[in-house]
>>> print(open('work.pdb').read())   # PDB, C-alpha atoms
MODEL        1
ATOM      1  CA  MET A   1     -15.471 -18.936  21.824
ATOM      2  CA  ALA A   2     -17.731 -21.863  20.957
ATOM      3  CA  LYS A   3     -16.751 -25.187  22.534
ATOM      4  CA  LYS A   4     -15.850 -27.825  19.954
ATOM      5  CA  VAL A   5     -17.524 -31.243  20.102
ATOM      6  CA  LEU A   6     -16.611 -34.498  18.369
ATOM      7  CA  VAL A   7     -19.794 -36.542  17.786
ATOM      8  CA  VAL A   8     -19.250 -40.317  17.631
ATOM      9  CA  ASP A   9     -22.114 -42.608  16.612
ATOM     10  CA  ASP A  10     -22.456 -45.203  13.853
ATOM     11  CA  ALA A  11     -25.974 -43.951  13.078
ATOM     12  CA  ASN A  12     -26.175 -40.887  10.858
ATOM     13  CA  PHE A  13     -29.606 -40.236  12.380
ATOM     14  CA  MET A  14     -28.202 -40.011  15.925
ATOM     15  CA  ARG A  15     -25.306 -37.786  14.867
ATOM     16  CA  MET A  16     -27.881 -35.486  13.299
ATOM     17  CA  ILE A  17     -29.943 -35.372  16.533
ATOM     18  CA  VAL A  18     -26.885 -34.550  18.657
ATOM     19  CA  ARG A  19     -25.690 -31.954  16.119
ATOM     20  CA  ASP A  20     -29.136 -30.343  15.893
ATOM     21  CA  THR A  21     -29.300 -30.085  19.680
ATOM     22  CA  LEU A  22     -25.808 -28.700  20.255
ATOM     23  CA  VAL A  23     -25.292 -26.250  17.367
ATOM     24  CA  PRO A  24     -28.299 -23.969  18.118
ATOM     25  CA  ASN A  25     -27.083 -23.851  21.714
ATOM     26  CA  GLY A  26     -23.730 -22.346  20.853
ATOM     27  CA  PHE A  27     -21.545 -25.434  20.357
ATOM     28  CA  GLU A  28     -19.404 -26.104  17.307
ATOM     29  CA  ILE A  29     -19.151 -29.564  15.775
ATOM     30  CA  ALA A  30     -15.414 -30.200  15.395
ATOM     31  CA  GLY A  31     -16.043 -33.447  13.550
ATOM     32  CA  GLU A  32     -17.966 -36.699  13.427
ATOM     33  CA  ALA A  33     -16.842 -40.333  13.643
ATOM     34  CA  VAL A  34     -18.733 -43.541  12.873
ATOM     35  CA  ASN A  35     -16.711 -46.024  14.951
ATOM     36  CA  GLY A  36     -14.213 -46.209  17.783
ATOM     37  CA  ASN A  37     -11.118 -46.288  15.576
ATOM     38  CA  GLU A  38     -12.191 -43.148  13.773
ATOM     39  CA  ALA A  39     -13.024 -41.526  17.110
ATOM     40  CA  VAL A  40      -9.492 -42.080  18.447
ATOM     41  CA  THR A  41      -7.875 -40.795  15.227
ATOM     42  CA  LYS A  42     -10.155 -37.755  15.020
ATOM     43  CA  TYR A  43      -9.727 -36.932  18.692
ATOM     44  CA  ALA A  44      -5.943 -36.842  18.276
ATOM     45  CA  ALA A  45      -6.180 -34.706  15.135
ATOM     46  CA  LEU A  46      -8.938 -32.291  16.204
ATOM     47  CA  ARG A  47      -8.428 -32.125  19.993
ATOM     48  CA  PRO A  48     -12.063 -31.163  20.646
ATOM     49  CA  ASP A  49     -13.249 -29.797  24.004
ATOM     50  CA  LEU A  50     -15.661 -32.704  24.387
ATOM     51  CA  VAL A  51     -16.696 -36.026  22.822
ATOM     52  CA  THR A  52     -20.185 -37.542  22.744
ATOM     53  CA  MET A  53     -19.625 -41.279  22.344
ATOM     54  CA  ASP A  54     -21.971 -44.133  21.425
ATOM     55  CA  ILE A  55     -21.044 -47.595  22.775
ATOM     56  CA  THR A  56     -22.310 -50.180  20.271
ATOM     57  CA  MET A  57     -20.310 -49.650  17.074
ATOM     58  CA  ARG A  58     -18.451 -51.860  14.613
ATOM     59  CA  ASP A  59     -14.623 -52.053  14.467
ATOM     60  CA  LYS A  60     -14.038 -50.616  17.929
ATOM     61  CA  ASP A  61     -16.803 -49.977  20.443
ATOM     62  CA  GLY A  62     -17.231 -46.719  22.321
ATOM     63  CA  LEU A  63     -15.995 -48.050  25.659
ATOM     64  CA  ALA A  64     -12.696 -49.221  24.118
ATOM     65  CA  ALA A  65     -12.346 -45.937  22.218
ATOM     66  CA  ALA A  66     -13.041 -43.863  25.342
ATOM     67  CA  ARG A  67     -10.479 -45.905  27.269
ATOM     68  CA  GLU A  68      -7.866 -45.359  24.552
ATOM     69  CA  ILE A  69      -8.548 -41.623  24.282
ATOM     70  CA  LEU A  70      -8.397 -41.184  28.069
ATOM     71  CA  ASN A  71      -5.147 -43.185  28.284
ATOM     72  CA  ARG A  72      -3.500 -40.941  25.706
ATOM     73  CA  PHE A  73      -5.237 -37.698  26.690
ATOM     74  CA  PRO A  74      -6.260 -37.852  30.379
ATOM     75  CA  GLU A  75      -7.760 -34.362  30.151
ATOM     76  CA  ALA A  76     -10.314 -35.546  27.529
ATOM     77  CA  ARG A  77     -13.955 -34.926  28.407
ATOM     78  CA  ILE A  78     -16.202 -37.709  27.208
ATOM     79  CA  VAL A  79     -19.961 -38.140  27.597
ATOM     80  CA  MET A  80     -21.329 -41.566  26.655
ATOM     81  CA  VAL A  81     -24.619 -41.499  24.721
ATOM     82  CA  THR A  82     -25.976 -45.020  24.482
ATOM     83  CA  ALA A  83     -29.061 -47.207  24.470
ATOM     84  CA  LEU A  84     -27.344 -49.556  26.945
ATOM     85  CA  GLY A  85     -28.274 -48.193  30.357
ATOM     86  CA  GLN A  86     -27.190 -51.154  32.461
ATOM     87  CA  GLU A  87     -25.538 -50.540  35.809
ATOM     88  CA  LYS A  88     -22.395 -52.498  34.888
ATOM     89  CA  MET A  89     -21.950 -50.442  31.719
ATOM     90  CA  LEU A  90     -22.359 -47.214  33.684
ATOM     91  CA  MET A  91     -19.823 -48.331  36.298
ATOM     92  CA  ASP A  92     -17.327 -49.378  33.598
ATOM     93  CA  CYS A  93     -17.617 -45.955  31.979
ATOM     94  CA  ILE A  94     -17.253 -44.046  35.234
ATOM     95  CA  SER A  95     -14.264 -46.155  36.267
ATOM     96  CA  ILE A  96     -12.294 -45.130  33.165
ATOM     97  CA  GLY A  97     -13.017 -41.430  33.648
ATOM     98  CA  VAL A  98     -16.066 -40.770  31.467
ATOM     99  CA  ARG A  99     -17.838 -37.585  32.662
ATOM    100  CA  ASP A 100     -21.491 -38.514  32.133
ATOM    101  CA  PHE A 101     -23.708 -41.237  30.747
ATOM    102  CA  VAL A 102     -26.816 -40.344  28.709
ATOM    103  CA  VAL A 103     -29.272 -43.127  27.891
ATOM    104  CA  LYS A 104     -31.107 -43.076  24.543
ATOM    105  CA  PRO A 105     -33.771 -41.990  23.938
ATOM    106  CA  PHE A 106     -32.897 -38.671  25.540
ATOM    107  CA  THR A 107     -34.440 -35.233  25.648
ATOM    108  CA  PRO A 108     -32.484 -32.269  24.238
ATOM    109  CA  GLU A 109     -32.329 -30.883  27.800
ATOM    110  CA  ARG A 110     -30.679 -34.056  29.099
ATOM    111  CA  ILE A 111     -27.847 -34.071  26.583
ATOM    112  CA  LEU A 112     -27.329 -30.311  26.858
ATOM    113  CA  SER A 113     -27.107 -30.545  30.625
ATOM    114  CA  ALA A 114     -24.609 -33.459  30.402
ATOM    115  CA  VAL A 115     -22.409 -31.627  27.907
ATOM    116  CA  LYS A 116     -22.448 -28.360  29.858
ATOM    117  CA  LYS A 117     -21.673 -30.125  33.150
ATOM    118  CA  ALA A 118     -18.812 -32.068  31.583
ATOM    119  CA  LEU A 119     -17.229 -28.846  30.354
ATOM    120  CA  VAL A 120     -17.216 -27.120  33.755
TER
ATOM    121  CA  MET B 121     -29.232 -82.001  20.284
ATOM    122  CA  PRO B 122     -30.022 -79.654  23.162
ATOM    123  CA  THR B 123     -33.344 -77.934  22.783
ATOM    124  CA  MET B 124     -33.726 -74.299  23.580
ATOM    125  CA  GLN B 125     -35.958 -73.218  26.445
ATOM    126  CA  ILE B 126     -37.822 -70.033  25.705
ATOM    127  CA  ASN B 127     -38.621 -68.012  28.740
ATOM    128  CA  ALA B 128     -41.651 -65.729  28.688
ATOM    129  CA  LYS B 129     -39.996 -63.441  31.227
ATOM    130  CA  HIS B 130     -37.643 -62.335  28.445
ATOM    131  CA  VAL B 131     -40.567 -60.877  26.508
ATOM    132  CA  ASN B 132     -41.980 -58.307  28.945
ATOM    133  CA  PRO B 133     -38.918 -56.014  28.847
ATOM    134  CA  PHE B 134     -39.249 -55.847  25.053
ATOM    135  CA  ILE B 135     -42.939 -54.955  25.280
ATOM    136  CA  GLU B 136     -42.205 -52.233  27.819
ATOM    137  CA  ALA B 137     -39.179 -50.870  25.908
ATOM    138  CA  ALA B 138     -40.871 -50.954  22.488
ATOM    139  CA  MET B 139     -44.004 -49.191  23.704
ATOM    140  CA  ARG B 140     -41.956 -46.531  25.453
ATOM    141  CA  VAL B 141     -39.436 -45.890  22.657
ATOM    142  CA  VAL B 142     -41.983 -45.834  19.819
ATOM    143  CA  LYS B 143     -44.269 -43.486  21.732
ATOM    144  CA  GLU B 144     -41.534 -41.184  23.020
ATOM    145  CA  VAL B 145     -39.309 -41.000  19.954
ATOM    146  CA  VAL B 146     -41.708 -41.513  17.077
ATOM    147  CA  GLY B 147     -44.860 -40.145  18.679
ATOM    148  CA  ILE B 148     -47.057 -43.057  17.604
ATOM    149  CA  GLU B 149     -49.419 -44.852  19.979
ATOM    150  CA  VAL B 150     -48.714 -48.574  20.331
ATOM    151  CA  ARG B 151     -51.046 -51.300  21.570
ATOM    152  CA  ARG B 152     -50.084 -54.764  22.608
ATOM    153  CA  GLY B 153     -51.079 -57.481  20.150
ATOM    154  CA  HIS B 154     -50.810 -61.261  20.092
ATOM    155  CA  LEU B 155     -48.072 -63.406  21.562
ATOM    156  CA  SER B 156     -47.210 -66.534  19.621
ATOM    157  CA  TYR B 157     -44.537 -69.155  19.110
ATOM    158  CA  LYS B 158     -42.523 -69.921  16.005
ATOM    159  CA  PRO B 159     -40.220 -72.917  15.639
ATOM    160  CA  LYS B 160     -37.576 -70.638  14.158
ATOM    161  CA  VAL B 161     -36.923 -66.921  13.890
ATOM    162  CA  GLU B 162     -37.959 -65.518  10.559
ATOM    163  CA  PRO B 163     -38.664 -62.066   9.199
ATOM    164  CA  SER B 164     -42.396 -61.792   8.549
ATOM    165  CA  LEU B 165     -42.934 -58.334   7.072
ATOM    166  CA  GLN B 166     -41.254 -56.092   4.493
ATOM    167  CA  VAL B 167     -38.626 -54.435   6.680
ATOM    168  CA  SER B 168     -36.633 -56.471   9.178
ATOM    169  CA  ILE B 169     -34.023 -55.356  11.663
ATOM    170  CA  ILE B 170     -31.907 -58.011  13.346
ATOM    171  CA  ILE B 171     -29.961 -57.424  16.556
ATOM    172  CA  GLY B 172     -27.867 -59.978  18.423
ATOM    173  CA  ILE B 173     -27.677 -60.111  22.214
ATOM    174  CA  TYR B 174     -24.784 -61.677  24.073
ATOM    175  CA  GLY B 175     -23.675 -62.082  27.661
ATOM    176  CA  PHE B 176     -25.444 -64.275  30.226
ATOM    177  CA  LEU B 177     -28.361 -64.233  27.748
ATOM    178  CA  THR B 178     -27.598 -65.072  24.145
ATOM    179  CA  GLY B 179     -29.745 -64.870  21.056
ATOM    180  CA  GLN B 180     -31.329 -62.723  18.412
ATOM    181  CA  VAL B 181     -34.181 -60.269  18.227
ATOM    182  CA  VAL B 182     -35.859 -59.564  14.891
ATOM    183  CA  TYR B 183     -38.093 -56.543  14.437
ATOM    184  CA  SER B 184     -40.369 -56.788  11.395
ATOM    185  CA  LEU B 185     -42.689 -54.086  10.166
ATOM    186  CA  ASP B 186     -44.508 -53.332   6.987
ATOM    187  CA  GLY B 187     -43.273 -50.756   4.490
ATOM    188  CA  ARG B 188     -46.014 -48.206   5.163
ATOM    189  CA  LEU B 189     -45.295 -48.142   8.881
ATOM    190  CA  ALA B 190     -41.541 -47.933   8.228
ATOM    191  CA  GLU B 191     -42.105 -44.896   5.987
ATOM    192  CA  LYS B 192     -44.392 -43.286   8.560
ATOM    193  CA  ILE B 193     -41.800 -43.773  11.310
ATOM    194  CA  VAL B 194     -39.052 -42.207   9.172
ATOM    195  CA  ASP B 195     -41.394 -39.340   8.194
ATOM    196  CA  LYS B 196     -42.085 -38.595  11.839
ATOM    197  CA  LEU B 197     -38.444 -38.927  12.910
ATOM    198  CA  LEU B 198     -37.176 -36.720  10.105
ATOM    199  CA  GLU B 199     -40.021 -34.245   9.986
ATOM    200  CA  GLY B 200     -38.983 -31.151   8.040
ATOM    201  CA  ARG B 201     -36.075 -32.904   6.311
ATOM    202  CA  SER B 202     -35.813 -33.187   2.546
ATOM    203  CA  PRO B 203     -36.909 -36.372   0.717
ATOM    204  CA  VAL B 204     -33.239 -37.000  -0.136
ATOM    205  CA  GLU B 205     -32.225 -36.886   3.537
ATOM    206  CA  LYS B 206     -35.148 -39.162   4.420
ATOM    207  CA  LYS B 207     -34.008 -41.647   1.777
ATOM    208  CA  ILE B 208     -30.398 -41.548   2.964
ATOM    209  CA  MET B 209     -31.347 -42.026   6.619
ATOM    210  CA  PHE B 210     -34.247 -44.446   6.080
ATOM    211  CA  LEU B 211     -32.527 -47.666   7.188
ATOM    212  CA  ASP B 212     -30.241 -45.881   9.597
ATOM    213  CA  SER B 213     -33.060 -44.310  11.614
ATOM    214  CA  LEU B 214     -35.096 -47.537  11.724
ATOM    215  CA  GLY B 215     -31.980 -49.366  12.920
ATOM    216  CA  GLU B 216     -31.492 -46.789  15.652
ATOM    217  CA  ILE B 217     -35.059 -47.223  16.915
ATOM    218  CA  ALA B 218     -34.488 -51.002  17.107
ATOM    219  CA  ASN B 219     -31.183 -50.322  18.860
ATOM    220  CA  MET B 220     -32.918 -48.134  21.452
ATOM    221  CA  ILE B 221     -35.640 -50.727  22.075
ATOM    222  CA  THR B 222     -33.104 -53.543  22.455
ATOM    223  CA  GLY B 223     -30.766 -51.460  24.610
ATOM    224  CA  ASN B 224     -33.597 -50.388  26.904
ATOM    225  CA  ALA B 225     -34.913 -53.968  27.073
ATOM    226  CA  THR B 226     -31.488 -55.326  28.088
ATOM    227  CA  SER B 227     -31.413 -52.805  30.941
ATOM    228  CA  LEU B 228     -34.776 -54.139  32.132
ATOM    229  CA  LEU B 229     -33.688 -57.762  31.602
ATOM    230  CA  ASN B 230     -30.393 -57.428  33.400
ATOM    231  CA  HIS B 231     -30.900 -58.146  37.064
ATOM    232  CA  ARG B 232     -27.225 -58.962  37.522
ATOM    233  CA  LYS B 233     -25.244 -55.988  38.745
ATOM    234  CA  GLY B 234     -21.838 -57.438  37.973
ATOM    235  CA  GLU B 235     -22.504 -58.392  34.352
ATOM    236  CA  ALA B 236     -23.548 -56.484  31.289
ATOM    237  CA  LEU B 237     -25.513 -57.673  28.284
ATOM    238  CA  SER B 238     -24.094 -56.464  24.988
ATOM    239  CA  ILE B 239     -25.882 -56.016  21.701
ATOM    240  CA  THR B 240     -24.698 -55.995  18.105
ATOM    241  CA  THR B 241     -25.196 -53.161  15.661
ATOM    242  CA  PRO B 242     -28.464 -53.630  13.735
ATOM    243  CA  ALA B 243     -28.513 -55.528  10.439
ATOM    244  CA  ILE B 244     -31.392 -54.394   8.225
ATOM    245  CA  ALA B 245     -33.086 -56.173   5.352
ATOM    246  CA  THR B 246     -35.910 -54.909   3.183
ATOM    247  CA  GLY B 247     -38.115 -56.371   0.451
ATOM    248  CA  SER B 248     -40.993 -58.741   0.118
ATOM    249  CA  ASN B 249     -38.813 -61.725  -0.786
ATOM    250  CA  LEU B 250     -36.466 -61.604   2.130
ATOM    251  CA  SER B 251     -33.912 -64.325   2.454
ATOM    252  CA  ILE B 252     -31.945 -64.004   5.649
ATOM    253  CA  HIS B 253     -29.976 -66.706   7.363
ATOM    254  CA  LEU B 254     -30.819 -66.564  11.033
ATOM    255  CA  VAL B 255     -29.891 -68.903  13.828
ATOM    256  CA  PRO B 256     -32.541 -71.683  13.595
ATOM    257  CA  LYS B 257     -33.911 -71.302  17.088
ATOM    258  CA  PRO B 258     -37.506 -71.147  18.302
ATOM    259  CA  ALA B 259     -38.850 -67.722  19.079
ATOM    260  CA  LEU B 260     -41.608 -66.022  20.994
ATOM    261  CA  VAL B 261     -43.255 -63.541  18.687
ATOM    262  CA  LEU B 262     -44.743 -60.418  20.131
ATOM    263  CA  GLY B 263     -47.181 -58.378  18.087
ATOM    264  CA  LEU B 264     -47.563 -54.654  18.516
ATOM    265  CA  ILE B 265     -50.322 -52.683  16.809
ATOM    266  CA  THR B 266     -50.107 -49.109  15.574
ATOM    267  CA  GLN B 267     -52.560 -47.094  13.492
ATOM    268  CA  TYR B 268     -50.154 -47.408  10.550
ATOM    269  CA  GLY B 269     -49.601 -51.148  10.711
ATOM    270  CA  PRO B 270     -48.178 -53.946  12.847
ATOM    271  CA  ILE B 271     -44.733 -54.528  14.305
ATOM    272  CA  GLU B 272     -43.606 -58.058  15.079
ATOM    273  CA  ILE B 273     -40.792 -58.665  17.522
ATOM    274  CA  SER B 274     -39.364 -62.198  17.432
ATOM    275  CA  ILE B 275     -37.270 -63.011  20.472
ATOM    276  CA  ALA B 276     -35.016 -66.070  20.496
ATOM    277  CA  MET B 277     -32.877 -66.017  23.596
ATOM    278  CA  GLU B 278     -31.575 -68.423  26.153
ATOM    279  CA  GLU B 279     -29.696 -68.149  29.399
ATOM    280  CA  LYS B 280     -26.118 -69.349  29.291
ATOM    281  CA  GLU B 281     -26.636 -71.534  32.369
ATOM    282  CA  THR B 282     -29.659 -73.229  30.811
ATOM    283  CA  LEU B 283     -27.671 -74.034  27.683
ATOM    284  CA  THR B 284     -24.693 -75.288  29.693
ATOM    285  CA  GLU B 285     -26.945 -77.418  31.912
ATOM    286  CA  VAL B 286     -28.718 -78.960  28.913
ATOM    287  CA  GLU B 287     -25.445 -79.587  27.096
ATOM    288  CA  GLY B 288     -24.049 -81.140  30.284
ATOM    289  CA  ILE B 289     -27.016 -83.489  30.599
ATOM    290  CA  VAL B 290     -26.739 -84.452  26.928
ATOM    291  CA  GLY B 291     -23.012 -85.026  27.405
ATOM    292  CA  GLU B 292     -23.655 -87.239  30.455
ATOM    293  CA  LEU B 293     -26.299 -89.246  28.586
ATOM    294  CA  ALA B 294     -23.920 -89.737  25.672
ATOM    295  CA  GLU B 295     -21.347 -91.229  28.027
ATOM    296  CA  VAL B 296     -23.790 -93.800  29.489
TER
ENDMDL
END
>>> encode(input="work.pdb", output="structure tokens")
Amino acid sequence: MAKKVLVVDDANFMRMIVRDTLVPNGFEIAGEAVNGNEAVTKYAALRPDLVTMDITMRDKDGLAAAREILNRFPEARIVMVTALGQEKMLMDCISIGVRDFVVKPFTPERILSAVKKALV
Amino acid sequence: MPTMQINAKHVNPFIEAAMRVVKEVVGIEVRRGHLSYKPKVEPSLQVSIIIGIYGFLTGQVVYSLDGRLAEKIVDKLLEGRSPVEKKIMFLDSLGEIANMITGNATSLLNHRKGEALSITTPAIATGSNLSIHLVPKPALVLGLITQYGPIEISIAMEEKETLTEVEGIVGELAEV
């Protein structure tokens, strides 16, 4: 059965890139969210196998959303996909239980490898 | 009034990040152009993308490019997509490129392991008669040249310590 992914990014363009990389490789897009609040609500409703999460978003950023999802659903598998590749950001994400950290711009291989590894 | 100190070392990460992101993501060759100074940040070309930076460095970065280059970038990014999709994602995809450049530049700028620099989501303005209210701070303006037109990156940033020091000195002088 195809693994279901929730794609979270405020940019339509980036959601399209992630979608276009994952779908031809056998993943199903469970849903999309444009900010952290929507991500938390959609995670609870859809219970996807994995979330790809941007960090810089209005309303609630991706780090706060990931923290909230992982507090409520410790089994959640989240891969951050962000332009902010600073060491502190990476450490913050790892410390809350995020599975991987992909820095934009990324190659299709990089995001596929992160998603597959996170699902093992 | 404290005056802002512009530091040229803040510019190199933007040059490096912009050249890398535009080449890798858009597939357009970029050459380095002029470096100049403006007494305040202002959008200079038809499409402007504004991103705020905050943390131990604080300020704004404005990316300005002309309409033809903006269209070319979107065409390349959304190759094979319908004109309707290109129209819908026009601003969105340009904003994302600016986001990637700024995000990558902050990684290069941040030499402090214990602190992170954050950025705001991009605000985008288009049109030849732009009227945007930006923080009135001096900026270093970096020109980049592509075969489809120029990109101007205006960087107005200051280190928190510098600002605090200057404000402290001004405060001390006021007390004398």
>>> interface_residues(input="work.pdb", of="chain A", to="chain B", cutoff="8 Å", atoms="all atoms listed in the file", output="number ranges by chain")
A: 11-14, 56-58, 83-89, 104-105
>>> resolve_selection(input="work.pdb", expression="the PyMOL selection byres ((chain A and resi 50) around 6)", output="PyMOL selection string")
chain A and resi 5+48-49+51+77-78
>>> resolve_selection(input="work.pdb", expression="the PyMOL selection byres ((chain B and resi 155) around 9)", output="list in words")
Arg152, Gly153, His154, Ser156, Tyr157, Leu260, Val261, Leu262 and Gly263 of chain B
>>> write_last_selection(input="work.pdb", atoms="C-alpha atoms", output="tab-separated table (two decimals), in the frame of the given file")
chain	number	residue	atom	x	y	z
B	152	ARG	CA	-50.08	-54.76	22.61
B	153	GLY	CA	-51.08	-57.48	20.15
B	154	HIS	CA	-50.81	-61.26	20.09
B	156	SER	CA	-47.21	-66.53	19.62
B	157	TYR	CA	-44.54	-69.16	19.11
B	260	LEU	CA	-41.61	-66.02	20.99
B	261	VAL	CA	-43.26	-63.54	18.69
B	262	LEU	CA	-44.74	-60.42	20.13
B	263	GLY	CA	-47.18	-58.38	18.09
>>> atom_distance(input="work.pdb", atom1="CA of Glu279 in chain B", atom2="CA of Ala138 in chain B")
21.6 Å
>>> residues_around(input="work.pdb", residues="Lys160 in chain B", least_positions_apart="5", cutoff="8 Å", atoms="all atoms listed in the file", output="list in words")
Val255, Pro256, Lys257, Pro258 and Ala259 of chain B
>>> resolve_selection(input="work.pdb", expression="the PyMOL selection byres ((chain B and resi 185-188) around 6)", output="NGL selection string")
:B and (165-167 or 184 or 189-191 or 271)
>>> atom_distance(input="work.pdb", atom1="CA of Ile17 in chain A", atom2="CA of Pro108 in chain A")
8.7 Å
>>> atom_distance(input="work.pdb", atom1="CA of Asp92 in chain A", atom2="CA of Arg72 in chain A")
18.0 Å
>>> closest_residue(input="work.pdb", among="B:Asn132, B:Thr178, B:Gly172, B:Lys196", to="Glu278 in chain B", atoms="all atoms listed in the file")
B:Thr178
>>> closest_residue(input="work.pdb", among="B:Val146, B:Ile265, B:Ala128, B:Ile169", to="Tyr183 in chain B", atoms="all atoms listed in the file")
B:Ile169
>>> closest_residue(input="work.pdb", among="A:Met53, A:Val79, A:Ala64, A:Val34", to="Lys116 in chain A", atoms="all atoms listed in the file")
A:Val79
>>> axis_aligned_box(input="work.pdb", around="range 196-200 of chain B", padding_each_side="4 Å", output="AutoDock Vina command-line options")
--center_x -39.6 --center_y -35.0 --center_z 10.5 --size_x 12.9 --size_y 15.8 --size_z 12.9
>>> residues_around(input="work.pdb", residues="Met139 in chain B", least_positions_apart="6", cutoff="8 Å", atoms="all atoms listed in the file", output="PyMOL selection string")
chain B and resi 149-151
>>> decode(input="work.pdb", residues="range 170-237 of chain B", atoms="C-alpha atoms", output="compact mmCIF listing (two decimals), in the first residue's frame")
# COMPACT_ATOMS: atom_id res chain seq x y z
CA ILE B 170 11.19 41.75 0.52
CA ILE B 171 12.40 39.43 3.27
CA GLY B 172 13.12 40.38 6.88
CA ILE B 173 15.98 38.87 8.87
CA TYR B 174 16.01 38.76 12.65
CA GLY B 175 18.21 37.35 15.37
CA PHE B 176 21.71 38.63 16.20
CA LEU B 177 21.52 40.33 12.77
CA THR B 178 18.44 42.39 12.02
CA GLY B 179 17.28 44.02 8.83
CA GLN B 180 15.74 43.63 5.43
CA VAL B 181 16.80 42.25 2.08
CA VAL B 182 15.06 43.43 -1.09
CA TYR B 183 15.43 41.52 -4.33
CA SER B 184 14.48 43.55 -7.40
CA LEU B 185 14.36 42.26 -10.94
CA ASP B 186 12.82 43.37 -14.17
CA GLY B 187 9.63 41.86 -15.53
CA ARG B 188 11.26 40.01 -18.42
CA LEU B 189 13.71 38.23 -16.14
CA ALA B 190 10.92 37.41 -13.67
CA GLU B 191 8.90 35.82 -16.49
CA LYS B 192 11.93 33.89 -17.73
CA ILE B 193 12.62 32.54 -14.23
CA VAL B 194 9.00 31.39 -13.83
CA ASP B 195 9.05 29.86 -17.34
CA LYS B 196 12.14 27.85 -16.47
CA LEU B 197 10.87 26.81 -13.03
CA LEU B 198 7.48 25.74 -14.36
CA GLU B 199 8.59 24.32 -17.67
CA GLY B 200 5.83 22.16 -19.15
CA ARG B 201 3.11 23.71 -16.98
CA SER B 202 0.08 25.47 -18.44
CA PRO B 203 -0.03 29.29 -18.75
CA VAL B 204 -2.76 29.30 -16.07
CA GLU B 205 -0.53 27.42 -13.61
CA LYS B 206 2.36 29.76 -14.43
CA LYS B 207 0.13 32.76 -13.72
CA ILE B 208 -1.12 31.30 -10.44
CA MET B 209 2.38 30.42 -9.23
CA PHE B 210 4.19 33.47 -10.64
CA LEU B 211 4.67 35.41 -7.39
CA ASP B 212 4.82 32.29 -5.28
CA SER B 213 7.74 30.76 -7.17
CA LEU B 214 9.70 34.03 -7.27
CA GLY B 215 9.14 34.38 -3.52
CA GLU B 216 10.45 30.86 -2.98
CA ILE B 217 13.64 31.58 -4.92
CA ALA B 218 14.22 34.67 -2.74
CA ASN B 219 13.47 32.54 0.32
CA MET B 220 16.07 29.97 -0.74
CA ILE B 221 18.71 32.64 -1.39
CA THR B 222 18.06 34.33 1.96
CA GLY B 223 17.92 31.04 3.86
CA ASN B 224 21.17 29.84 2.31
CA ALA B 225 22.81 33.22 2.95
CA THR B 226 21.83 33.15 6.65
CA SER B 227 23.49 29.74 6.95
CA LEU B 228 26.69 31.23 5.53
CA LEU B 229 26.37 34.36 7.69
CA ASN B 230 25.73 32.51 10.92
CA HIS B 231 29.02 31.74 12.58
CA ARG B 232 27.35 31.37 15.96
CA LYS B 233 26.51 27.77 16.75
CA GLY B 234 24.17 28.53 19.63
CA GLU B 235 21.96 31.04 17.82
CA ALA B 236 19.81 30.90 14.74
CA LEU B 237 18.90 33.67 12.33
